[in-house]
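File shown here: input_4.txt, holding compact mmCIF, C-alpha atoms and all ligand atoms.
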# COMPACT_ATOMS: atom_id res chain seq x y z
CA GLU A 1 -40.25 -12.54 16.34
CA ASP A 2 -42.05 -10.74 19.12
CA THR A 3 -40.33 -7.43 19.94
CA ALA A 4 -42.01 -7.32 23.35
CA ASN A 5 -39.81 -10.20 24.51
CA LEU A 6 -36.73 -8.94 22.77
CA GLY A 7 -35.40 -6.98 25.72
CA GLU A 8 -35.68 -9.99 27.98
CA GLU A 9 -34.08 -12.29 25.42
CA LEU A 10 -31.18 -9.88 25.11
CA GLU A 11 -31.05 -9.26 28.83
CA TYR A 12 -31.49 -5.60 27.88
CA THR A 13 -27.95 -5.57 26.58
CA ILE A 14 -26.37 -3.90 23.59
CA THR A 15 -23.06 -5.49 22.66
CA GLY A 16 -20.41 -2.81 22.44
CA ILE A 17 -16.71 -2.56 21.67
CA GLU A 18 -13.62 -0.96 23.28
CA PRO A 19 -14.65 1.54 26.00
CA GLY A 20 -12.44 4.28 24.50
CA ALA A 21 -14.25 4.24 21.14
CA GLY A 22 -16.20 7.29 20.08
CA ALA A 23 -18.96 4.92 19.02
CA MET A 24 -19.33 3.79 22.64
CA GLY A 25 -19.89 7.38 23.74
CA LEU A 26 -22.61 7.71 21.10
CA ALA A 27 -24.21 4.43 22.17
CA ALA A 28 -24.20 5.54 25.82
CA THR A 29 -25.84 8.85 24.86
CA THR A 30 -28.40 6.90 22.83
CA ILE A 31 -29.38 4.83 25.85
CA GLU A 32 -29.72 8.02 27.88
CA GLU A 33 -31.71 9.95 25.29
CA TYR A 34 -34.25 7.31 24.22
CA GLU A 35 -36.79 6.90 26.99
CA ASN A 36 -37.67 3.44 25.72
CA LEU A 37 -34.09 2.34 26.40
CA GLU A 38 -34.43 2.88 30.12
CA GLY A 39 -32.86 -0.06 31.89
CA TRP A 40 -30.82 -1.13 28.85
CA GLU A 41 -27.09 -1.62 29.24
CA LEU A 42 -24.11 -1.17 27.02
CA LEU A 43 -21.68 -4.05 27.28
CA GLU A 44 -18.01 -3.07 26.99
CA SER A 45 -16.04 -5.53 24.95
CA SER A 46 -13.61 -5.33 22.04
CA THR A 47 -14.20 -5.23 18.32
CA ALA A 48 -13.01 -8.84 18.05
CA GLY A 49 -15.26 -9.85 20.95
CA MET A 50 -18.24 -8.10 19.42
CA MET A 51 -17.57 -9.79 16.06
CA THR A 52 -17.41 -13.20 17.75
CA GLU A 53 -20.72 -12.58 19.57
CA LEU A 54 -22.29 -11.38 16.35
CA GLY A 55 -21.09 -14.43 14.39
CA GLU A 56 -22.36 -16.82 17.06
CA ALA A 57 -25.76 -15.14 17.27
CA ILE A 58 -26.13 -15.30 13.50
CA ASN A 59 -25.09 -18.97 13.37
CA ASN A 60 -27.88 -19.70 15.85
CA GLU A 61 -30.33 -17.20 14.35
CA GLU A 62 -30.56 -15.54 17.71
CA PRO A 63 -31.21 -11.85 18.28
CA ILE A 64 -28.35 -9.47 19.00
CA ILE A 65 -27.87 -5.73 18.90
CA VAL A 66 -24.34 -4.46 18.32
CA VAL A 67 -22.59 -1.15 18.03
CA GLY A 68 -21.86 -1.18 14.30
CA TRP A 69 -20.10 1.06 11.80
CA ASN A 70 -18.70 1.24 8.36
CA PRO A 71 -16.23 1.17 6.71
CA HIS A 72 -15.94 -2.30 8.19
CA TYR A 73 -16.33 -5.79 6.75
CA MET A 74 -19.10 -6.66 9.27
CA PHE A 75 -21.64 -5.66 6.61
CA ALA A 76 -19.85 -7.72 3.95
CA SER A 77 -19.55 -10.84 6.09
CA HIS A 78 -23.07 -10.71 7.62
CA ASP A 79 -26.55 -9.61 6.54
CA LEU A 80 -26.98 -6.68 8.88
CA LYS A 81 -29.12 -3.56 9.01
CA TYR A 82 -28.81 -0.36 10.99
CA LEU A 83 -31.71 0.42 13.28
CA GLU A 84 -33.32 3.74 12.39
CA ASP A 85 -32.28 6.49 14.74
CA PRO A 86 -35.14 9.02 14.71
CA GLN A 87 -33.56 11.08 17.47
CA GLY A 88 -30.28 11.27 15.55
CA THR A 89 -28.06 10.44 18.49
CA PHE A 90 -25.59 8.68 16.17
CA GLY A 91 -25.54 11.63 13.76
CA GLU A 92 -25.69 11.46 10.01
CA LYS A 93 -23.04 10.13 7.68
CA GLU A 94 -19.76 11.70 8.62
CA ASN A 95 -16.13 12.05 7.55
CA ILE A 96 -12.67 10.93 8.52
CA ASN A 97 -10.36 13.94 8.69
CA THR A 98 -6.64 14.50 8.51
CA ILE A 99 -5.13 16.59 11.31
CA THR A 100 -1.55 17.73 11.93
CA ARG A 101 0.33 19.43 14.71
CA ILE A 102 0.73 23.18 14.44
CA GLY A 103 3.98 23.94 12.63
CA LEU A 104 4.17 20.74 10.59
CA GLU A 105 3.63 22.65 7.37
CA ASP A 106 6.74 24.78 8.06
CA ASN A 107 8.87 21.83 9.23
CA MET A 108 7.75 19.30 6.65
CA PRO A 109 6.08 21.01 3.72
CA SER A 110 6.30 17.98 1.44
CA ALA A 111 4.76 15.58 3.96
CA THR A 112 2.05 18.13 4.75
CA LYS A 113 1.24 18.49 1.06
CA ILE A 114 0.83 14.72 0.68
CA LEU A 115 -1.25 14.45 3.86
CA ASP A 116 -3.42 17.31 2.68
CA ARG A 117 -3.99 15.70 -0.73
CA PHE A 118 -4.68 12.22 0.64
CA ASN A 119 -8.26 11.17 0.06
CA TRP A 120 -9.93 7.93 -0.90
CA GLU A 121 -13.32 6.27 -0.99
CA VAL A 122 -15.17 3.99 1.41
CA GLU A 123 -14.71 1.17 -1.16
CA ASP A 124 -10.93 1.66 -1.15
CA MET A 125 -10.69 1.47 2.61
CA GLU A 126 -13.08 -1.48 2.82
CA GLY A 127 -11.12 -3.28 0.11
CA VAL A 128 -7.92 -3.04 2.15
CA MET A 129 -9.74 -4.11 5.33
CA LEU A 130 -11.31 -7.10 3.63
CA ASP A 131 -8.00 -8.13 2.06
CA ALA A 132 -6.38 -7.88 5.51
CA GLN A 133 -8.61 -10.73 6.68
CA ASP A 134 -6.28 -13.04 4.72
CA VAL A 135 -2.94 -11.22 4.69
CA SER A 136 -1.29 -8.69 7.00
CA MET A 137 -2.58 -5.12 6.95
CA GLU A 138 0.83 -4.05 5.64
CA GLU A 139 0.57 -6.43 2.71
CA ALA A 140 -3.04 -5.44 2.00
CA ALA A 141 -2.02 -1.77 1.97
CA SER A 142 0.89 -2.50 -0.31
CA THR A 143 -1.41 -4.28 -2.80
CA TRP A 144 -3.75 -1.29 -2.75
CA VAL A 145 -0.84 1.11 -3.41
CA GLU A 146 0.35 -1.04 -6.34
CA ASP A 147 -3.15 -1.21 -7.81
CA ASN A 148 -3.81 2.52 -7.35
CA GLN A 149 -0.52 4.07 -8.31
CA ASP A 150 -2.37 6.73 -10.35
CA LYS A 151 -4.08 8.00 -7.20
CA VAL A 152 -0.85 7.90 -5.22
CA ASP A 153 0.86 9.86 -8.00
CA GLU A 154 -1.76 12.59 -7.68
CA TRP A 155 -0.97 12.92 -3.97
CA THR A 156 2.79 13.07 -4.50
CA GLU A 157 2.93 15.03 -7.77
CA GLY A 158 5.65 17.68 -7.73
CA VAL A 159 6.57 16.99 -4.10
CA GLU A 160 10.29 17.13 -3.30
CA PRO A 161 11.55 13.79 -1.92
CA VAL A 162 13.40 13.88 1.42
CA ASP A 163 16.26 11.84 2.77
CA GLY A 164 15.12 9.77 5.73
CA LYS A 165 13.26 12.49 7.61
CA GLU A 166 11.27 11.00 10.50
CA ILE A 167 7.53 11.47 10.81
CA GLU A 168 5.13 9.97 13.35
CA LEU A 169 1.50 9.28 12.60
CA VAL A 170 -0.89 8.48 15.45
CA LEU A 171 -3.91 6.37 14.72
CA THR A 172 -6.66 4.50 16.53
CA PRO A 173 -6.42 0.70 16.76
CA TRP A 174 -9.34 -0.16 14.44
CA ASP A 175 -8.80 -1.80 11.06
CA SER A 176 -10.14 1.23 9.19
CA GLU A 177 -7.38 3.42 10.60
CA ARG A 178 -4.75 0.73 10.38
CA ALA A 179 -5.61 0.58 6.69
CA SER A 180 -5.24 4.32 6.05
CA GLY A 181 -2.14 4.42 8.27
CA GLU A 182 -0.34 1.61 6.43
CA VAL A 183 -1.22 3.12 3.04
CA MET A 184 0.11 6.55 4.07
CA LYS A 185 3.21 4.93 5.56
CA LEU A 186 4.04 3.37 2.18
CA VAL A 187 3.28 6.58 0.30
CA LEU A 188 5.52 8.66 2.57
CA GLU A 189 8.25 6.01 2.52
CA GLU A 190 8.27 6.19 -1.29
CA GLN A 191 9.09 9.89 -0.79
CA GLY A 192 12.01 9.10 1.49
CA PHE A 193 10.37 9.54 4.90
CA GLN A 194 10.91 7.24 7.84
CA VAL A 195 7.43 6.65 9.19
CA THR A 196 6.33 5.51 12.65
CA LEU A 197 2.70 4.45 13.18
CA THR A 198 1.51 4.66 16.79
CA PRO A 199 -1.92 3.24 17.67
CA VAL A 200 -3.61 4.93 20.64
CA ASP A 201 -7.11 5.71 21.96
CA PRO A 202 -9.05 8.47 20.18
CA ALA A 203 -8.53 10.86 23.13
CA ILE A 204 -4.76 10.38 22.88
CA VAL A 205 -4.75 10.99 19.11
CA PHE A 206 -5.91 14.55 19.70
CA GLN A 207 -3.74 15.06 22.77
CA ALA A 208 -0.57 13.87 21.01
CA ILE A 209 -1.16 16.14 18.01
CA ALA A 210 -2.04 19.13 20.21
CA ASN A 211 1.12 18.61 22.31
CA GLY A 212 3.24 18.18 19.21
CA GLU A 213 4.31 14.70 20.36
CA ALA A 214 3.07 13.26 17.08
CA ASP A 215 3.01 14.90 13.66
CA ALA A 216 -0.27 13.95 12.05
CA SER A 217 -3.26 11.64 12.13
CA LEU A 218 -5.67 10.28 9.54
CA ALA A 219 -7.97 8.86 12.22
CA PRO A 220 -10.54 11.41 13.52
CA TRP A 221 -14.16 10.59 12.69
CA LEU A 222 -15.97 13.95 12.58
CA PRO A 223 -18.06 15.89 13.34
CA ILE A 224 -19.85 13.52 15.74
CA THR A 225 -17.86 10.44 16.75
CA HIS A 226 -14.75 12.22 17.99
CA GLY A 227 -16.47 15.59 18.25
CA PRO A 228 -15.88 16.05 21.99
CA PHE A 229 -12.10 15.63 21.51
CA TYR A 230 -12.13 17.91 18.52
CA GLU A 231 -13.89 20.62 20.55
CA GLU A 232 -11.35 20.28 23.33
CA TYR A 233 -8.27 20.48 21.11
CA LYS A 234 -9.35 22.35 17.97
CA ASP A 235 -7.31 25.50 18.74
CA ASP A 236 -4.13 23.46 19.12
CA ILE A 237 -4.30 21.35 15.96
CA VAL A 238 -4.48 21.95 12.22
CA ASP A 239 -7.49 20.37 10.52
CA LEU A 240 -6.73 19.53 6.88
CA GLY A 241 -10.31 18.39 6.25
CA PRO A 242 -11.80 15.06 5.17
CA ASN A 243 -9.71 12.25 3.71
CA LEU A 244 -12.82 10.07 3.36
CA THR A 245 -16.53 10.90 3.36
CA GLY A 246 -19.53 8.71 4.13
CA THR A 247 -18.73 6.79 7.30
CA LYS A 248 -21.58 5.70 9.49
CA ILE A 249 -22.15 4.51 13.05
CA GLY A 250 -25.29 3.04 14.59
CA LEU A 251 -26.92 0.13 16.31
CA ALA A 252 -26.88 -2.82 13.94
CA VAL A 253 -28.89 -6.06 14.00
CA PRO A 254 -29.10 -9.16 11.79
CA GLU A 255 -31.55 -8.76 8.89
CA TYR A 256 -33.74 -11.57 10.22
CA MET A 257 -34.66 -9.55 13.28
CA ASP A 258 -38.14 -8.13 13.00
CA ILE A 259 -37.26 -4.66 14.21
CA ASP A 260 -36.43 -1.48 12.29
CA SER A 261 -35.97 1.36 14.73
CA ILE A 262 -34.29 2.08 18.03
CA GLU A 263 -37.71 3.30 19.11
CA ASP A 264 -39.13 -0.23 18.67
CA LEU A 265 -37.10 -1.50 21.62
CA GLN A 266 -39.08 -1.86 24.83
CA PRO A 267 -37.96 -0.89 28.30
N1 LIG B 301 -14.77 3.16 15.29
C1 LIG B 301 -13.96 2.86 14.14
C2 LIG B 301 -13.96 4.17 15.98
C3 LIG B 301 -13.41 5.02 14.93
C4 LIG B 301 -13.15 4.06 13.86
C5 LIG B 301 -16.05 3.65 14.80
C6 LIG B 301 -14.93 1.96 16.10
C7 LIG B 301 -14.56 4.89 17.17
O1 LIG B 301 -15.72 4.67 17.48
O2 LIG B 301 -13.87 5.67 17.82
Render the structure in this file as structure tokens.
Ligand code: PBE
Amino acid sequence: EDTANLGEELEYTITGIEPGAGAMGLAATTIEEYENLEGWELLESSTAGMMTELGEAINNEEPIIVVGWNPHYMFASHDLKYLEDPQGTFGEKENINTITRIGLEDNMPSATKILDRFNWEVEDMEGVMLDAQDVSMEEAASTWVEDNQDKVDEWTEGVEPVDGKEIELVLTPWDSERASGEVMKLVLEEQGFQVTLTPVDPAIVFQAIANGEADASLAPWLPITHGPFYEEYKDDIVDLGPNLTGTKIGLAVPEYMDIDSIEDLQP
């Protein structure tokens, strides 16, 4: 394939996802920062829409550039590669952190202890996400909890159960965060909590925790993806640190495309 014609073939378009996603902010910055991307556009869509476009392009062996990330099953279901990012606008590998509202530790010490201990691997999260292609996310999470009771026991060891205390977790609407949210819901329910999961945009996750409207979140991708929100609200939240390490975001293309770097794209 001739990269010189690639821009024209793609109508100088990168296929994006939901406009509120941190990844879309990074993709927009990327277009701004790389001089060779002058004139390129970022198409707003949805994750489902992007996945449909990606699947269709691959079926037809056509070129496509998408905003990609993992954990996600897009890399399991398709042969994809990240384009190199020599200017580092997408950052390096990063983490997903757990945050709580100020005061949660005093109000709900047992929940805070469990939230603080919660950590798992990319493979765990991806396993739940993949499973949830066939069953509901709730069911996939419940299978993971059954299969990993030893890990769950580590998180809950010595924690006093409660009697129906209510706790609200805010999350973003992507499968990765639905997976961690449903797992934590089950873990907290085993301890006697009544758990509400509320999916919102990344900006609202931080706002709700800072205002004390919600209790905790397992959803922030840091330090880059949701970095601007973190900077804005960091004095009004409690950061319990990473619950998962090794996430990645970038521009992704099918393996058959003869291009390796963002810098190979032509204006
Ligand atoms: N994502 C998945 C989200 C966080 C989780 C990468 C699409 C985002 O960009 O905000």
With only C-alpha atoms and all ligand atoms counted, collect every polymer residue having an atom within 10 Å of ligand LIG 301 (chain B); state the result as a compact mmCIF listing (two decimals) with C-alpha atoms, in the frame of the given file.
# COMPACT_ATOMS: atom_id res chain seq x y z
CA GLY A 16 -20.41 -2.81 22.44
CA ILE A 17 -16.71 -2.56 21.67
CA GLU A 18 -13.62 -0.96 23.28
CA PRO A 19 -14.65 1.54 26.00
CA GLY A 20 -12.44 4.28 24.50
CA ALA A 21 -14.25 4.24 21.14
CA GLY A 22 -16.20 7.29 20.08
CA ALA A 23 -18.96 4.92 19.02
CA MET A 24 -19.33 3.79 22.64
CA GLY A 25 -19.89 7.38 23.74
CA LEU A 26 -22.61 7.71 21.10
CA ALA A 27 -24.21 4.43 22.17
CA SER A 46 -13.61 -5.33 22.04
CA THR A 47 -14.20 -5.23 18.32
CA VAL A 67 -22.59 -1.15 18.03
CA GLY A 68 -21.86 -1.18 14.30
CA TRP A 69 -20.10 1.06 11.80
CA ASN A 70 -18.70 1.24 8.36
CA PRO A 71 -16.23 1.17 6.71
CA HIS A 72 -15.94 -2.30 8.19
CA ILE A 96 -12.67 10.93 8.52
CA LEU A 171 -3.91 6.37 14.72
CA THR A 172 -6.66 4.50 16.53
CA PRO A 173 -6.42 0.70 16.76
CA TRP A 174 -9.34 -0.16 14.44
CA ASP A 175 -8.80 -1.80 11.06
CA SER A 176 -10.14 1.23 9.19
CA GLU A 177 -7.38 3.42 10.60
CA ARG A 178 -4.75 0.73 10.38
CA ASP A 201 -7.11 5.71 21.96
CA PRO A 202 -9.05 8.47 20.18
CA ALA A 203 -8.53 10.86 23.13
CA ALA A 219 -7.97 8.86 12.22
CA PRO A 220 -10.54 11.41 13.52
CA TRP A 221 -14.16 10.59 12.69
CA LEU A 222 -15.97 13.95 12.58
CA ILE A 224 -19.85 13.52 15.74
CA THR A 225 -17.86 10.44 16.75
CA HIS A 226 -14.75 12.22 17.99
CA THR A 247 -18.73 6.79 7.30
CA LYS A 248 -21.58 5.70 9.49
CA ILE A 249 -22.15 4.51 13.05
CA GLY A 250 -25.29 3.04 14.59
Write out as a list in words which residues come within 9 Å of Leu197 in chain A when counting all atoms listed in the file, dropping same-chain ones fewer than 4 positions away.
->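 Residues meeting the cut-off are Ile167, Glu168, Leu169, Val170, Leu171, Arg178, Gly181, Glu182 and Lys185 of chain A.
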Find the residues of range 135-244 of chain A that sit at most 7 Å from range 97-100 of chain A; for each, write down the nearest two atoms and how far apart they are in Å, to one decimal. Count only C-alpha atoms. Sort by chain, then by number going up, and give it as JSON lines.
{"residue": "A:Ile209", "atom": "CA", "partner": "A:Thr100", "partner_atom": "CA", "distance": 6.3}
{"residue": "A:Asp215", "atom": "CA", "partner": "A:Thr100", "partner_atom": "CA", "distance": 5.6}
{"residue": "A:Ala216", "atom": "CA", "partner": "A:Thr100", "partner_atom": "CA", "distance": 4.0}
{"residue": "A:Ser217", "atom": "CA", "partner": "A:Ile99", "partner_atom": "CA", "distance": 5.4}
{"residue": "A:Leu218", "atom": "CA", "partner": "A:Thr98", "partner_atom": "CA", "distance": 4.5}
{"residue": "A:Ala219", "atom": "CA", "partner": "A:Asn97", "partner_atom": "CA", "distance": 6.6}
{"residue": "A:Pro220", "atom": "CA", "partner": "A:Asn97", "partner_atom": "CA", "distance": 5.5}
{"residue": "A:Trp221", "atom": "CA", "partner": "A:Asn97", "partner_atom": "CA", "distance": 6.5}
{"residue": "A:Leu222", "atom": "CA", "partner": "A:Asn97", "partner_atom": "CA", "distance": 6.8}
{"residue": "A:Ile237", "atom": "CA", "partner": "A:Thr100", "partner_atom": "CA", "distance": 6.1}
{"residue": "A:Val238", "atom": "CA", "partner": "A:Thr100", "partner_atom": "CA", "distance": 5.1}
{"residue": "A:Asp239", "atom": "CA", "partner": "A:Ile99", "partner_atom": "CA", "distance": 4.5}
{"residue": "A:Leu240", "atom": "CA", "partner": "A:Thr98", "partner_atom": "CA", "distance": 5.3}
{"residue": "A:Gly241", "atom": "CA", "partner": "A:Asn97", "partner_atom": "CA", "distance": 5.1}
{"residue": "A:Pro242", "atom": "CA", "partner": "A:Asn97", "partner_atom": "CA", "distance": 4.0}
{"residue": "A:Asn243", "atom": "CA", "partner": "A:Asn97", "partner_atom": "CA", "distance": 5.3}
For Met129 in chain A, which residue among A:Gln266, A:Ser180, A:Thr30, A:Gln149 is the nearest when counting only C-alpha atoms?
->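 Closest candidate: A:Ser180.
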Would you mind reading off the distance between CA of Phe193 in chain A and CA of Glu126 in chain A, one decimal, in Å?
->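 Spanning CA of Phe193 in chain A to CA of Glu126 in chain A is a straight-line distance of 26.0 Å.
Taking only C-alpha atoms into account, Leu6 in chain A lies nearest to A:Ile64 out of the set A:Ala57, A:Ile64, A:Ala210, A:Leu42.
For the pair CA of Val183 in chain A and CA of Gly212 in chain A, the separation is 22.5 Å.
In this structure, CA of Tyr233 in chain A sits 18.3 Å away from CA of Glu105 in chain A.
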Using all atoms listed in the file, can you list as a PyMOL selection string the residues within 12 Å of (-0.7, -4.1, 3.9)?
-> chain A and resi 125+127-146+175+178-187
With C-alpha atoms retained, could you export that selection as a compact mmCIF listing (two decimals), in the frame of the given file?
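Dumped everything to again22.txt:
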# COMPACT_ATOMS: atom_id res chain seq x y z
CA MET A 125 -10.69 1.47 2.61
CA GLY A 127 -11.12 -3.28 0.11
CA VAL A 128 -7.92 -3.04 2.15
CA MET A 129 -9.74 -4.11 5.33
CA LEU A 130 -11.31 -7.10 3.63
CA ASP A 131 -8.00 -8.13 2.06
CA ALA A 132 -6.38 -7.88 5.51
CA GLN A 133 -8.61 -10.73 6.68
CA ASP A 134 -6.28 -13.04 4.72
CA VAL A 135 -2.94 -11.22 4.69
CA SER A 136 -1.29 -8.69 7.00
CA MET A 137 -2.58 -5.12 6.95
CA GLU A 138 0.83 -4.05 5.64
CA GLU A 139 0.57 -6.43 2.71
CA ALA A 140 -3.04 -5.44 2.00
CA ALA A 141 -2.02 -1.77 1.97
CA SER A 142 0.89 -2.50 -0.31
CA THR A 143 -1.41 -4.28 -2.80
CA TRP A 144 -3.75 -1.29 -2.75
CA VAL A 145 -0.84 1.11 -3.41
CA GLU A 146 0.35 -1.04 -6.34
CA ASP A 175 -8.80 -1.80 11.06
CA ARG A 178 -4.75 0.73 10.38
CA ALA A 179 -5.61 0.58 6.69
CA SER A 180 -5.24 4.32 6.05
CA GLY A 181 -2.14 4.42 8.27
CA GLU A 182 -0.34 1.61 6.43
CA VAL A 183 -1.22 3.12 3.04
CA MET A 184 0.11 6.55 4.07
CA LYS A 185 3.21 4.93 5.56
CA LEU A 186 4.04 3.37 2.18
CA VAL A 187 3.28 6.58 0.30
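Ranking A:Pro161, A:Glu38, A:Arg101, A:Asn107 by their shortest atom-to-atom distance to Val205 in chain A, with only C-alpha atoms included, puts A:Arg101 first.
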Spatial neighbours of Asp85 in chain A, 10 Å, only C-alpha atoms, chain gap at least 5 places, as a compact mmCIF listing (two decimals) with C-alpha atoms, in the frame of the given file:
# COMPACT_ATOMS: atom_id res chain seq x y z
CA THR A 30 -28.40 6.90 22.83
CA TYR A 34 -34.25 7.31 24.22
CA PHE A 90 -25.59 8.68 16.17
CA GLY A 91 -25.54 11.63 13.76
CA GLU A 92 -25.69 11.46 10.01
CA GLY A 250 -25.29 3.04 14.59
CA LEU A 251 -26.92 0.13 16.31
CA ASP A 260 -36.43 -1.48 12.29
CA SER A 261 -35.97 1.36 14.73
CA ILE A 262 -34.29 2.08 18.03
CA GLU A 263 -37.71 3.30 19.11
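Between Asn5 in chain A and the residues A:Gly192, A:Leu265, A:Glu232, A:Thr156, the shortest atom-to-atom distance, using only C-alpha atoms, involves A:Leu265.
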Using only C-alpha atoms, the best pick from A:Val253, A:Thr15, A:Trp120, A:Pro86 as closest to Asn148 in chain A would be A:Trp120
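Distances from A:Met74, A:Ile114, A:Ile102, A:Val152 to Asp235 in chain A were compared using all atoms listed in the file, and the smallest one belongs to A:Ile102.
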Thr245 in chain A surroundings by all atoms listed in the file, 8 Å radius, close-in-sequence under 6 positions cut, as a PyMOL selection string | chain A and resi 93-96+121-122
Kindly compute an axis-aligned box around the listed atoms of range 54-59 of chain A, allowing 6 Å on each side, and express its centre and edge lengths in Å to one decimal as lines of an AutoDock Vina configuration file.
center_x = -23.6
center_y = -15.2
center_z = 15.3
size_x = 17.0
size_y = 19.6
size_z = 15.9
Contacts of Trp155 in chain A at 10 Å or less, counting all atoms listed in the file, minus same-chain residues fewer than 3 places along, as a PyMOL selection string?
-> chain A and resi 113-119+149-152+158-159+187
